[in-house]
Every structure is written in C-alpha cells, then in structure tokens.
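Shown next: target-v5.txt, given as compact mmCIF, C-alpha atoms (C1' of nucleotides).
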# COMPACT_ATOMS: atom_id res chain seq x y z
CA MET P 1 444.98 -27.39 242.23
CA THR P 2 446.08 -30.73 240.89
CA VAL P 3 442.66 -31.31 239.44
CA HIS P 4 443.01 -28.13 237.47
CA ALA P 5 446.28 -29.39 236.10
CA ARG P 6 444.76 -32.67 235.03
CA ARG P 7 441.93 -30.86 233.31
CA GLU P 8 444.28 -28.67 231.39
CA ARG P 9 446.45 -31.61 230.44
CA GLU P 10 443.45 -33.51 229.14
CA ARG P 11 442.39 -30.43 227.23
CA ALA P 12 445.80 -30.10 225.65
CA GLU P 13 445.73 -33.76 224.67
CA ARG P 14 442.34 -33.33 223.05
CA HIS P 15 443.66 -30.25 221.28
CA GLN P 16 446.43 -32.31 219.74
CA LEU P 17 444.01 -35.12 218.99
CA ILE P 18 441.92 -32.76 216.89
CA ILE P 19 444.94 -31.56 214.95
CA ARG P 20 446.23 -35.06 214.35
CA THR P 21 442.81 -36.36 213.33
CA ALA P 22 442.29 -33.49 210.90
CA ARG P 23 445.71 -34.05 209.39
CA ASP P 24 445.27 -37.81 209.01
CA LEU P 25 441.83 -37.41 207.50
CA ALA P 26 443.08 -34.78 205.06
CA GLU P 27 445.98 -36.97 204.00
CA ASP P 28 443.61 -39.92 203.51
CA GLU P 29 440.64 -38.34 201.79
CA GLY P 30 441.60 -34.75 201.03
CA TRP P 31 440.79 -31.53 202.83
CA GLU P 32 437.24 -31.34 201.47
CA ALA P 33 436.46 -34.44 203.53
CA VAL P 34 437.59 -32.69 206.72
CA THR P 35 434.27 -31.38 207.99
CA VAL P 36 433.61 -30.36 211.54
CA ARG P 37 430.97 -33.06 211.88
CA ARG P 38 433.34 -35.69 210.61
CA LEU P 39 436.07 -34.57 213.00
CA ALA P 40 433.63 -34.49 215.89
CA ALA P 41 432.57 -38.06 215.19
CA LEU P 42 436.17 -39.23 214.92
CA ILE P 43 437.27 -37.75 218.22
CA GLU P 44 433.96 -38.89 219.74
CA TYR P 45 432.84 -35.48 220.93
CA SER P 46 430.13 -33.13 219.76
CA GLN P 47 430.80 -30.26 217.38
CA PRO P 48 430.76 -27.43 219.94
CA VAL P 49 433.72 -29.04 221.67
CA LEU P 50 435.78 -28.36 218.57
CA TYR P 51 434.73 -24.74 218.69
CA SER P 52 435.92 -24.48 222.28
CA HIS P 53 439.40 -25.30 220.96
CA PHE P 54 439.39 -23.44 217.65
CA ALA P 55 437.56 -20.35 216.50
CA ASN P 56 436.48 -21.97 213.24
CA ARG P 57 437.42 -24.58 210.69
CA ASP P 58 440.16 -22.44 209.19
CA ALA P 59 441.83 -22.26 212.58
CA ILE P 60 442.08 -26.05 212.60
CA VAL P 61 443.68 -26.02 209.17
CA ALA P 62 446.05 -23.31 210.36
CA ALA P 63 447.00 -25.39 213.40
CA VAL P 64 447.80 -28.34 211.15
CA ALA P 65 449.83 -25.99 208.97
CA VAL P 66 451.88 -24.75 211.93
CA GLU P 67 452.61 -28.34 212.92
CA GLY P 68 453.72 -28.89 209.35
CA PHE P 69 456.12 -25.96 209.55
CA GLU P 70 457.65 -27.44 212.68
CA GLU P 71 458.30 -30.70 210.92
CA LEU P 72 459.53 -29.01 207.76
CA ALA P 73 461.93 -26.88 209.80
CA GLY P 74 463.30 -30.04 211.39
CA GLU P 75 463.80 -31.78 208.05
CA LEU P 76 465.43 -28.76 206.46
CA ARG P 77 467.81 -28.31 209.39
CA GLU P 78 468.75 -31.97 209.34
CA ALA P 79 469.26 -32.25 205.58
CA PRO P 80 472.54 -30.33 205.10
CA ARG P 81 474.13 -31.75 208.24
CA ASN P 82 476.47 -34.17 206.49
CA ALA P 83 477.00 -32.03 203.44
CA GLU P 84 480.50 -31.15 202.33
CA GLY P 85 480.49 -27.64 201.01
CA PRO P 86 477.70 -25.22 200.13
CA VAL P 87 476.69 -26.90 196.88
CA GLU P 88 476.00 -30.19 198.59
CA ALA P 89 474.17 -28.40 201.38
CA PHE P 90 472.02 -26.58 198.87
CA THR P 91 471.20 -29.78 197.00
CA ALA P 92 470.38 -31.57 200.23
CA VAL P 93 468.03 -28.91 201.55
CA VAL P 94 466.23 -28.51 198.24
CA GLY P 95 465.83 -32.27 197.98
CA ALA P 96 464.49 -32.43 201.52
CA TYR P 97 461.92 -29.77 200.69
CA ALA P 98 460.74 -31.65 197.62
CA ARG P 99 460.61 -34.92 199.55
CA PHE P 100 458.56 -33.30 202.29
CA ALA P 101 456.02 -31.98 199.80
CA ALA P 102 455.78 -35.34 198.05
CA THR P 103 455.40 -37.27 201.30
CA CYS P 104 452.68 -35.15 202.88
CA PRO P 105 450.77 -33.45 200.07
CA ALA P 106 447.74 -32.55 202.15
CA LEU P 107 449.94 -31.09 204.86
CA TYR P 108 451.81 -29.11 202.25
CA ASP P 109 448.54 -27.77 200.88
CA ALA P 110 447.47 -26.69 204.34
CA MET P 111 450.73 -24.82 204.77
CA PHE P 112 450.95 -23.10 201.41
CA THR P 113 447.58 -22.91 199.73
CA LEU P 114 444.83 -23.29 202.32
CA ALA P 115 446.10 -21.40 205.35
CA THR P 116 446.07 -18.06 203.61
CA GLY P 117 445.36 -16.30 206.89
CA LEU P 118 448.72 -17.19 208.41
CA PRO P 119 450.99 -14.14 208.57
CA PHE P 120 454.23 -14.97 206.85
CA GLY P 121 456.79 -12.25 206.46
CA ARG P 122 455.52 -10.09 209.31
CA PRO P 123 457.04 -10.24 212.81
CA GLU P 124 453.88 -11.70 214.38
CA ALA P 125 454.34 -14.87 212.36
CA PRO P 126 454.44 -18.10 214.40
CA ALA P 127 457.94 -19.21 215.32
CA PRO P 128 457.90 -22.50 213.34
CA LEU P 129 457.11 -20.52 210.24
CA LYS P 130 460.16 -18.33 210.58
CA GLU P 131 462.34 -21.27 211.54
CA ALA P 132 461.35 -23.26 208.48
CA PHE P 133 462.04 -20.37 206.18
CA ALA P 134 465.34 -19.66 207.91
CA ALA P 135 466.39 -23.30 207.59
CA LEU P 136 465.74 -23.11 203.88
CA ALA P 137 467.22 -19.68 203.38
CA ALA P 138 470.58 -20.28 205.05
CA PRO P 139 472.00 -22.89 202.64
CA VAL P 140 470.33 -21.24 199.65
CA ALA P 141 471.85 -17.85 200.30
CA GLU P 142 475.27 -19.52 200.43
CA VAL P 143 475.15 -20.26 196.72
CA SER P 144 473.54 -17.03 195.61
CA GLY P 145 476.77 -15.97 193.91
CA PRO P 146 476.61 -12.43 192.57
CA HIS P 147 472.87 -12.09 193.17
CA ASP P 148 471.10 -10.48 196.09
CA PRO P 149 470.84 -13.33 198.61
CA ASP P 150 467.28 -12.53 199.73
CA THR P 151 465.94 -12.22 196.22
CA PHE P 152 467.78 -15.36 195.19
CA THR P 153 466.30 -17.24 198.14
CA GLU P 154 462.81 -16.11 197.27
CA VAL P 155 463.23 -17.16 193.66
CA VAL P 156 464.56 -20.57 194.61
CA TRP P 157 461.73 -21.07 197.03
CA THR P 158 459.00 -20.03 194.60
CA ALA P 159 460.48 -22.18 191.83
CA LEU P 160 460.64 -25.13 194.18
CA HIS P 161 457.10 -24.49 195.29
CA GLY P 162 455.83 -24.42 191.73
CA LEU P 163 457.71 -27.59 190.94
CA VAL P 164 456.26 -29.60 193.81
CA THR P 165 452.71 -28.31 193.40
CA LEU P 166 452.46 -28.91 189.67
CA THR P 167 454.19 -32.27 189.99
CA ARG P 168 451.21 -33.55 191.93
CA SER P 169 448.59 -32.06 189.63
CA GLY P 170 448.91 -34.63 186.86
CA ARG P 171 449.90 -31.94 184.40
CA LEU P 172 453.49 -33.01 184.05
CA ARG P 173 455.03 -36.28 182.98
CA PRO P 174 455.17 -37.99 186.37
CA GLU P 175 458.12 -40.26 185.63
CA LEU P 176 460.43 -37.28 185.18
CA ALA P 177 459.98 -35.68 188.59
CA GLU P 178 463.57 -36.45 189.52
CA ASP P 179 464.90 -35.02 186.28
CA ARG P 180 463.02 -31.80 186.79
CA LEU P 181 464.36 -31.37 190.30
CA ASP P 182 467.91 -32.09 189.14
CA LEU P 183 467.59 -29.58 186.34
CA LEU P 184 466.17 -26.93 188.62
CA ILE P 185 469.07 -27.41 191.02
CA ALA P 186 471.53 -27.21 188.15
CA LEU P 187 470.00 -24.02 186.82
CA MET P 188 470.00 -22.36 190.22
CA LEU P 189 473.60 -23.32 190.82
CA ALA P 190 474.67 -22.22 187.35
CA GLY P 191 473.64 -18.73 188.30
CA GLU P 192 476.55 -18.68 190.72
CA HIS P 193 479.05 -18.26 187.91
CA VAL P 194 477.40 -15.50 185.98
CA MET G 1 413.44 -23.74 161.63
CA THR G 2 414.43 -20.14 162.20
CA VAL G 3 412.83 -20.20 165.60
CA HIS G 4 415.05 -23.11 166.50
CA ALA G 5 418.05 -21.10 165.47
CA ARG G 6 416.99 -18.15 167.57
CA ARG G 7 416.49 -20.43 170.56
CA GLU G 8 419.91 -21.93 170.20
CA ARG G 9 421.49 -18.54 169.76
CA GLU G 10 419.82 -17.27 172.92
CA ARG G 11 420.95 -20.37 174.73
CA ALA G 12 424.51 -19.85 173.60
CA GLU G 13 424.37 -16.24 174.72
CA ARG G 14 423.11 -17.28 178.13
CA HIS G 15 425.86 -19.87 178.28
CA GLN G 16 428.44 -17.17 177.78
CA LEU G 17 426.63 -14.89 180.18
CA ILE G 18 427.00 -17.48 182.93
CA ILE G 19 430.72 -17.88 182.26
CA ARG G 20 431.31 -14.15 182.14
CA THR G 21 429.26 -13.52 185.28
CA ALA G 22 431.10 -16.24 187.18
CA ARG G 23 434.44 -14.86 186.09
CA ASP G 24 433.60 -11.27 186.99
CA LEU G 25 432.21 -12.26 190.35
CA ALA G 26 435.27 -14.39 191.11
CA GLU G 27 437.60 -11.57 190.16
CA ASP G 28 435.62 -9.16 192.34
CA GLU G 29 434.95 -11.19 195.46
CA GLY G 30 436.89 -14.43 195.08
CA TRP G 31 435.77 -17.87 194.00
CA GLU G 32 434.15 -18.70 197.34
CA ALA G 33 431.59 -15.99 196.59
CA VAL G 34 430.65 -17.69 193.33
CA THR G 35 427.69 -19.76 194.47
CA VAL G 36 425.06 -21.17 192.18
CA ARG G 37 422.37 -19.15 193.91
CA ARG G 38 424.39 -15.99 193.51
CA LEU G 39 425.00 -16.67 189.84
CA ALA G 40 421.34 -17.49 189.29
CA ALA G 41 420.30 -14.18 190.84
CA LEU G 42 422.84 -12.25 188.75
CA ILE G 43 421.73 -13.71 185.44
CA GLU G 44 418.10 -13.43 186.60
CA TYR G 45 417.21 -17.08 186.15
CA SER G 46 416.55 -19.86 188.62
CA GLN G 47 419.20 -22.33 189.68
CA PRO G 48 418.06 -25.29 187.56
CA VAL G 49 418.71 -23.23 184.45
CA LEU G 50 422.39 -23.20 185.36
CA TYR G 51 422.31 -26.96 185.64
CA SER G 52 420.84 -27.22 182.16
CA HIS G 53 424.02 -25.58 180.90
CA PHE G 54 426.61 -27.15 183.19
CA ALA G 55 426.69 -30.47 185.00
CA ASN G 56 427.74 -28.88 188.27
CA ARG G 57 429.56 -25.94 189.78
CA ASP G 58 432.97 -27.34 188.91
CA ALA G 59 431.97 -27.42 185.26
CA ILE G 60 431.34 -23.68 185.43
CA VAL G 61 434.78 -23.11 186.90
CA ALA G 62 436.26 -25.34 184.22
CA ALA G 63 434.49 -23.35 181.50
CA VAL G 64 435.95 -20.14 182.91
CA ALA G 65 439.34 -21.83 182.97
CA VAL G 66 439.11 -22.85 179.32
CA GLU G 67 438.24 -19.29 178.41
CA GLY G 68 441.30 -18.25 180.38
CA PHE G 69 443.48 -20.62 178.40
CA GLU G 70 442.21 -19.11 175.17
CA GLU G 71 443.19 -15.64 176.32
CA LEU G 72 446.51 -16.81 177.71
CA ALA G 73 447.32 -18.55 174.44
CA GLY G 74 446.62 -15.32 172.60
CA GLU G 75 448.83 -13.27 174.90
CA LEU G 76 451.67 -15.77 174.76
CA ARG G 77 451.53 -15.94 170.98
CA GLU G 78 451.51 -12.18 170.69
CA ALA G 79 454.31 -11.52 173.16
CA PRO G 80 457.38 -12.71 171.18
CA ARG G 81 456.15 -11.23 167.92
CA ASN G 82 458.52 -8.27 167.87
CA ALA G 83 461.36 -10.02 169.61
CA GLU G 84 464.81 -10.09 168.05
CA GLY G 85 466.37 -13.42 168.77
CA PRO G 86 465.43 -16.28 171.06
CA VAL G 87 466.52 -14.60 174.28
CA GLU G 88 464.23 -11.66 173.72
CA ALA G 89 461.42 -13.99 172.71
CA PHE G 90 461.90 -16.02 175.87
CA THR G 91 461.91 -12.92 178.05
CA ALA G 92 458.81 -11.58 176.36
CA VAL G 93 456.78 -14.75 176.70
CA VAL G 94 457.75 -15.26 180.34
CA GLY G 95 456.88 -11.66 181.09
CA ALA G 96 453.52 -12.02 179.35
CA TYR G 97 452.76 -15.08 181.46
CA ALA G 98 453.57 -13.24 184.68
CA ARG G 99 451.54 -10.23 183.59
CA PHE G 100 448.57 -12.42 182.77
CA ALA G 101 448.66 -14.04 186.21
CA ALA G 102 448.96 -10.68 187.94
CA THR G 103 446.14 -9.13 185.94
CA CYS G 104 443.55 -11.89 186.39
CA PRO G 105 444.40 -13.71 189.61
CA ALA G 106 441.01 -15.38 189.98
CA LEU G 107 441.10 -16.54 186.39
CA TYR G 108 444.59 -17.90 186.92
CA ASP G 109 443.41 -19.78 190.01
CA ALA G 110 440.56 -21.30 188.06
CA MET G 111 443.01 -22.49 185.43
CA PHE G 112 445.75 -23.87 187.63
CA THR G 113 444.49 -24.62 191.10
CA LEU G 114 440.71 -25.01 191.04
CA ALA G 115 439.99 -26.82 187.79
CA THR G 116 441.80 -29.97 188.82
CA GLY G 117 439.47 -32.07 186.71
CA LEU G 118 440.70 -30.62 183.43
CA PRO G 119 442.83 -33.13 181.55
CA PHE G 120 446.14 -31.54 180.76
CA GLY G 121 448.79 -33.64 179.14
CA ARG G 122 446.43 -36.21 177.67
CA PRO G 123 445.16 -36.01 174.08
CA GLU G 124 441.55 -35.37 175.11
CA ALA G 125 442.59 -32.03 176.56
CA PRO G 126 440.65 -29.01 175.25
CA ALA G 127 442.33 -27.27 172.36
CA PRO G 128 442.95 -23.92 174.13
CA LEU G 129 444.85 -25.78 176.79
CA LYS G 130 447.25 -27.33 174.33
CA GLU G 131 447.59 -24.09 172.42
CA ALA G 132 448.51 -22.12 175.52
CA PHE G 133 451.11 -24.62 176.54
CA ALA G 134 452.49 -24.78 173.02
CA ALA G 135 452.72 -20.99 172.84
CA LEU G 136 454.76 -21.03 176.03
CA ALA G 137 456.84 -24.06 175.13
CA ALA G 138 458.04 -22.91 171.73
CA PRO G 139 460.13 -19.90 172.78
CA VAL G 140 461.23 -21.61 175.98
CA ALA G 141 462.59 -24.66 174.23
CA GLU G 142 464.63 -22.36 171.99
CA VAL G 143 466.85 -21.37 174.89
CA SER G 144 467.10 -24.78 176.54
CA GLY G 145 470.75 -25.03 175.57
CA PRO G 146 472.25 -28.40 176.41
CA HIS G 147 469.23 -29.54 178.40
CA ASP G 148 466.35 -31.69 177.27
CA PRO G 149 463.89 -29.17 175.80
CA ASP G 150 460.75 -30.75 177.25
CA THR G 151 462.18 -31.05 180.73
CA PHE G 152 463.55 -27.54 180.52
CA THR G 153 460.15 -26.24 179.48
CA GLU G 154 458.44 -28.00 182.35
CA VAL G 155 460.93 -26.58 184.82
CA VAL G 156 460.56 -23.05 183.49
CA TRP G 157 456.81 -23.34 183.60
CA THR G 158 456.70 -24.71 187.16
CA ALA G 159 459.15 -22.10 188.38
CA LEU G 160 457.11 -19.37 186.78
CA HIS G 161 453.94 -20.81 188.24
CA GLY G 162 455.41 -20.86 191.73
CA LEU G 163 456.65 -17.32 191.32
CA VAL G 164 453.29 -15.87 190.31
CA THR G 165 451.26 -17.81 192.86
CA LEU G 166 453.44 -16.98 195.85
CA THR G 167 453.79 -13.39 194.74
CA ARG G 168 450.10 -12.89 195.35
CA SER G 169 450.03 -14.70 198.69
CA GLY G 170 451.57 -11.90 200.74
CA ARG G 171 454.46 -14.14 201.71
CA LEU G 172 457.08 -12.33 199.68
CA ARG G 173 458.24 -8.75 199.72
CA PRO G 174 455.74 -7.30 197.25
CA GLU G 175 457.89 -4.44 196.01
CA LEU G 176 460.46 -6.85 194.58
CA ALA G 177 458.22 -8.77 192.23
CA GLU G 178 460.02 -7.37 189.19
CA ASP G 179 463.42 -8.23 190.62
CA ARG G 180 462.37 -11.80 191.22
CA LEU G 181 461.10 -12.22 187.69
CA ASP G 182 464.27 -10.72 186.27
CA LEU G 183 466.42 -13.00 188.36
CA LEU G 184 464.41 -16.06 187.39
CA ILE G 185 464.81 -15.20 183.73
CA ALA G 186 468.54 -14.64 184.21
CA LEU G 187 468.96 -17.98 185.96
CA MET G 188 467.05 -19.88 183.31
CA LEU G 189 469.04 -18.25 180.55
CA ALA G 190 472.32 -18.83 182.34
CA GLY G 191 471.66 -22.55 182.04
CA GLU G 192 472.16 -22.19 178.32
CA HIS G 193 475.91 -21.91 178.69
CA VAL G 194 476.58 -24.79 181.02
C1' DT T 1 392.06 -26.47 168.38
C1' DC T 2 394.23 -29.82 171.01
C1' DG T 3 397.81 -32.98 172.68
C1' DA T 4 402.80 -33.00 173.12
C1' DA T 5 407.10 -31.19 173.89
C1' DT T 6 409.94 -27.70 175.63
C1' DG T 7 411.35 -24.54 178.90
C1' DT T 8 411.28 -22.70 183.57
C1' DC T 9 410.39 -22.32 188.48
C1' DT T 10 409.03 -23.67 193.23
C1' DA T 11 410.09 -26.41 196.82
C1' DG T 12 412.85 -29.52 198.95
C1' DC T 13 416.86 -32.85 200.18
C1' DA T 14 421.22 -33.68 202.33
C1' DC T 15 425.04 -31.45 203.45
C1' DT T 16 428.09 -27.52 205.28
C1' DG T 17 429.96 -24.13 209.22
C1' DC T 18 428.49 -22.42 213.34
C1' DT T 19 425.81 -21.33 217.87
C1' DA T 20 422.18 -20.67 221.57
C1' DG T 21 420.24 -22.94 225.34
C1' DG T 22 419.46 -26.61 228.23
C1' DA T 23 421.00 -30.95 230.51
C1' DT T 24 424.56 -33.26 232.96
C1' DA T 25 428.34 -34.09 235.60
C1' DT T 26 431.98 -32.27 238.75
C1' DT T 27 433.98 -29.45 242.19
C1' DT T 28 433.44 -26.54 246.04
C1' DG T 29 431.66 -24.55 250.45
C1' DG T 30 429.08 -25.39 254.66
C1' DC L 1 427.61 -35.73 253.60
C1' DC L 2 424.73 -32.72 251.17
C1' DA L 3 423.42 -28.75 248.54
C1' DA L 4 424.96 -24.89 245.75
C1' DA L 5 427.96 -23.26 242.28
C1' DT L 6 430.61 -24.18 238.45
C1' DA L 7 432.45 -26.14 234.65
C1' DT L 8 431.56 -29.21 230.83
C1' DC L 9 429.13 -31.05 227.24
C1' DC L 10 425.30 -32.12 223.99
C1' DT L 11 420.85 -31.55 221.56
C1' DA L 12 418.65 -28.93 218.41
C1' DG L 13 418.56 -25.50 215.25
C1' DC L 14 419.93 -21.50 211.91
C1' DA L 15 421.44 -19.92 207.53
C1' DG L 16 423.83 -21.14 203.78
C1' DT L 17 425.70 -24.62 200.21
C1' DG L 18 425.26 -27.88 195.77
C1' DC L 19 421.90 -30.19 193.50
C1' DT L 20 417.20 -32.22 191.90
C1' DA L 21 412.27 -33.92 191.51
C1' DG L 22 407.99 -32.54 190.19
C1' DA L 23 404.67 -28.97 189.05
C1' DC L 24 403.65 -25.24 186.05
C1' DA L 25 403.40 -22.44 181.87
C1' DT L 26 404.31 -21.72 177.28
C1' DT L 27 405.10 -22.83 172.85
C1' DC L 28 405.00 -26.06 169.05
C1' DG L 29 403.40 -29.51 165.61
C1' DA L 30 399.32 -31.93 163.79
Translate the structure of the given file into structure tokens.
Amino acid sequence: MTVHARRERERAERHQLIIRTARDLAEDEGWEAVTVRRLAALIEYSQPVLYSHFANRDAIVAAVAVEGFEELAGELREAPRNAEGPVEAFTAVVGAYARFAATCPALYDAMFTLATGLPFGRPEAPAPLKEAFAALAAPVAEVSGPHDPDTFTEVVWTALHGLVTLTRSGRLRPELAEDRLDLLIALMLAGEHV
Amino acid sequence: MTVHARRERERAERHQLIIRTARDLAEDEGWEAVTVRRLAALIEYSQPVLYSHFANRDAIVAAVAVEGFEELAGELREAPRNAEGPVEAFTAVVGAYARFAATCPALYDAMFTLATGLPFGRPEAPAPLKEAFAALAAPVAEVSGPHDPDTFTEVVWTALHGLVTLTRSGRLRPELAEDRLDLLIALMLAGEHV
DNA sequence: TCGAATGTCTAGCACTGCTAGGATATTTGG
DNA sequence: CCAAATATCCTAGCAGTGCTAGACATTCGA
C-alpha cells in the first residue's frame, strides 16, 4: 500500500509542478506562450502526461486561476487586519486588490478574463473563489451607506476591475495610477453620505 | 484610367467586405471562430487575398475595432444632444456607452481587449479613437466637480469599462445590470459635492 | 500581337491542441 | 526468482491554425 501512496504523492507533486510552470511561464512571456508542448518540455515529460492531469489546456489555465483566488483571498483577508474603522478597512482591501493585480498581471488575467468557464456566482463554484469574493465584499459592504450592500459591492468590484485592467493596457497615463485609485476610493466613500 | 478606378473601388469594397464579415462572424460565434480560412471561404476568395489587404489576422481585428470606435463616437456624440444640464448629459453619455457594449459585445472586445496593438493615448492614434474618447470625456469632465477633470474622466471610463465587461461574464447577478449602472452614475455624481 | 505586370490560387511550412497505439518499466502472483 | 499483469509513459500522427512562396491566368501597355 505504501507504494500506492508514494505514487499518488509524486503525481500530486507533478500536478502542482504543471500549475506552477504554467503560471511562471505566463508571467514571463504571456499566456500565448503557454503551449502544451512548451509546458511538456519544461516539466520534462511528454504531452500526454499533461492530459492525464488536465482535460485540456483551458483546465490548466483554470487551475492556475483557482490558485490565484486562494492567494487573493489571503491578501484580502490580511489587508484590513490593522485597520481602524470601516473606512480604513475599505481603503486597505481595495488597495490590496489593486496591488495584487499589478503584481501578477498574468495571474489576474487567468482569473478574470481567460478562465471564462469557471462558475462564479453559482453554488458549485470552487471554494477559493467564494472566499476571495467574500473577503472583498465584507469590508466593502460596511461602507455602502444608504445603498444596497450587494449592489454596492458589485459596483465597487467592477470599477476596481476596470481600473486595474485598463491601467495595464497602456491606454491611460501610467504615472497617475495612484491618483486614479485614490479618486475611485474617494468617490465610492462619498456615496456613503448621500 | 477609368479601369484603374474601378479596380480600386472593387478593392475598397472587398476591404470593407472582409471587415464586415469578420465582425458579423465574431458577433455570431465569437472571435475564436474568426479564422483566416473561415473568412476566406465566406468572402469566396483564397487566403492570400486577405493578406493583400491586411498584414495579419490582428490587423483585421484592429480594423474592426476602428470601425467600432467610429460608431461609438457617433453614439456618444448623439447621446447628450437633448440633455438639459451637465448631469443629464453625463447620464446620457454613460448610458449610451453601456448600451453600446451590451449591444455589440464582440465589437467591444475587439476594441478594448483584443486590439492591444492599437495606440491609444499617443498622437499617432487613429482619428476615430480620439473622437470616441473625446465624445466621452467632454460631458464627463463637466461633472468632475473639485477633482482633476482628466483623472476623473479616466476613473469614470475605467469603472464603466469594468462594469460592462463583468456584466457579460456571468459573474454578476444579471437581472441587476440597470441597478448597477444607476448606482455607478450616482456615486460618480456624488463626488461633485465633496 | 507579344512581353510585362497584375491579380489570384494551389500547395506547403511551422505551429497549435489533442489522441491512438505501442513500447517500457513496475508491481504482483506463483 | 521468474513470468504475467498492470500501470506508466512516449512516439507518431491528426486536424486545425496563421502565414507565404511559387505557379498560374488574366489583363494591360507597347
């Protein structure tokens, strides 16, 4: 039986190796460089081995995305820890989100633009997905003021998403990224007193 | 000489036919279905003909995108025409933008996510691109209140962009799209009195 | 009428995601 | 300890992609 265990452990390690390799390669050269052949060469196995772990290429991207949601959930939970009051908590969590997107752009793309197959709102969504959204939603809803908390959370999230995606597209003045984030936070918080 | 003119006219017509075919196919089956072979079959010419009009596939997408910017500029200019006051003008132009994105999702993708090669802020940007942004910026800057108008415009645009993109991704409650847009508008306008 | 230029197509390259089938190694039963 | 059964892996290939060289008509200018 112990040999079975070793086999499964090695398999799990290789599984993670594939995910990590895909993520690193995407962050280095973009997702279009992440081909199955390239991945196979990097992990020093043949292509069919990859297909014994994942149904297809999209499943690899999705696995990277889920890992990204785990990390994002951790960052978002950590961010408002030392905050004093809901406004500070809100600012901290929004800043953490923006920092995450700026730090790992390819990972962010996998999570929010490439992995379109991932179920999001529905109950069968992977746990990290829900946790990340919950970690963002909690401090946001606190400052929703007179507005419906869920709608407010969705609007904040979408605005934040648009901000971080277009910031990296070279279509905005890059030196003013901080200003834009500050203004967005101010606008969202101003809604509290309406 | 008149034969030359006819030739060039036919060429221009075929040029437009390619763009229109690509756009229709993308709107029907998504951009991944828009292959050069498929386009060639639809316009009933061989593949090299396409490459005599466009340098590569991305150039076709970019041409569709530019056409999209022309239409968007028209819609955004038309929207605030009957508005009474800057608030109404702002609401109208933001609503027109959201309606445009919802009506032609594939076109919107070509403009803002696929055609990454299009220069945006720089002076060599195609005219329709500048015109569309200007048509959006003018009414937006009018309600920027105490904030820097350019930064405010960028924030409104990014927020709007995030709203329309995530609305179509199935990750938000679809029945509340109107509510989200209304709330976003309210929040942006509330910033005027801070 | 004849060479030249223009326009178009056939055929092919290198790449992609993906898979069937065979070869190889490993574990198991006698 | 050896052979059979099993699990593992790889070679080779398919169909499709973007893109292009070279052959083929067809039309044009002299």
### Message
I want to know what sits within 12 Å of DG13 in chain L, based on only C-alpha atoms (C1' of nucleotides), with residues of the same chain fewer than 6 positions away left out; could you give that as a PyMOL selection string?
### Response
chain T and resi 18-21
### Task
Within 8 Å of Leu39 in chain P, counting only C-alpha atoms (C1' of nucleotides), which residues show up once you throw out same-chain ones fewer than 5 positions away? Write them as an MDAnalysis selection string, please.
chainID P and resid 18 21:22 34
### Task
Quick one: residues within 12 Å of (430.0, -18.6, 196.3) (file frame), counting only C-alpha atoms (C1' of nucleotides), please, as a PyMOL selection string.
(chain G and resi 22-23+25-26+28-41+57-58+61) or (chain L and resi 16-18)
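Candidate residues G:Leu17, G:Ala141, G:Ala55, G:Val49 were compared for distance to DG7 in chain T, and the nearest is G:Val49, using all atoms listed in the file.
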### Message
Could you check which residues have any atom within 12 Å of (463.3, -27.3, 207.8), counting all atoms listed in the file with coordinates taken straight from the file, and then list them as a PyMOL selection string?
### Response
chain P and resi 67-81+92-101+128-139
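Between CA of Glu13 in chain P and CA of Phe54 in chain P the separation is 14.0 Å.
Picture a line from CA of Glu27 in chain P to CA of Ala106 in chain P; it runs 5.1 Å.
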### Between CA of Arg122 in chain P and CA of Ala159 in chain P, distance in Å (one decimal)
21.8 Å
Padding 3 Å on every side, please: axis-aligned box over the listed atoms of range 114-117 of chain P, centre and edge lengths to one decimal in Å, as AutoDock Vina command-line options.
--center_x 445.5 --center_y -19.8 --center_z 204.6 --size_x 7.3 --size_y 13.0 --size_z 10.6
Counting all atoms listed in the file, which residues of chain T fall within 12 Å of chain G, and what is the closest atom pair for each with its distance in Å at one decimal, ordered by chain and rising number, as CSV?
residue,atom,partner,partner_atom,distance
T:DT6,C1',G:Arg7,CA,11.0
T:DG7,C1',G:Val49,CA,9.3
T:DT8,C1',G:Val49,CA,7.5
T:DC9,C1',G:Ser46,CA,6.6
T:DT10,C1',G:Ser46,CA,9.6
### Message
Tell me as a ChimeraX atom specification which residues belonging to chain P come within 6 Å of chain G, counting all atoms listed in the file.
### Response
/P:120-121,155,158-159,161-163,171,180,187,191
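Counting only C-alpha atoms and comparing P:Glu142, P:Glu178, P:Glu10, P:Asp24, the residue that lies closest to Gly85 in chain P is P:Glu142.
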## Note on the structure
Using only C-alpha atoms, the shortest atom-to-atom distance to Thr91 in chain G among G:Gln16, G:Val140, G:Leu42, G:Arg7 belongs to G:Val140
Per residue of chain L within 10 Å of chain P, record the nearest atom pair and its distance in Å to one decimal, counting only C-alpha atoms (C1' of nucleotides), with rows in chain order and ascending residue number, as CSV.
residue,atom,partner,partner_atom,distance
L:DT8,C1',P:Val49,CA,9.4
L:DC9,C1',P:Val49,CA,7.5
L:DC10,C1',P:Ser46,CA,6.5
L:DT11,C1',P:Ser46,CA,9.6
Spatial neighbours of DA7 in chain L, 12 Å, all atoms listed in the file, chain gap at least 2 places, as a PDB file with C-alpha atoms (C1' of nucleotides), keeping the file's coordinate frame:
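Below is the file that was written, out_34.pdb:
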ATOM      1  CA  HIS P   4     443.010 -28.130 237.470  1.00  0.00           C
ATOM      2  CA  ARG P   7     441.930 -30.860 233.310  1.00  0.00           C
TER       3      ARG P   7
ATOM      4  C1'  DT T  24     424.560 -33.260 232.960  1.00  0.00           C
ATOM      5  C1'  DA T  25     428.340 -34.090 235.600  1.00  0.00           C
ATOM      6  C1'  DT T  26     431.980 -32.270 238.750  1.00  0.00           C
ATOM      7  C1'  DT T  27     433.980 -29.450 242.190  1.00  0.00           C
ATOM      8  C1'  DT T  28     433.440 -26.540 246.040  1.00  0.00           C
TER       9       DT T  28
ATOM     10  C1'  DA L   5     427.960 -23.260 242.280  1.00  0.00           C
ATOM     11  C1'  DC L   9     429.130 -31.050 227.240  1.00  0.00           C
TER      12       DC L   9
END
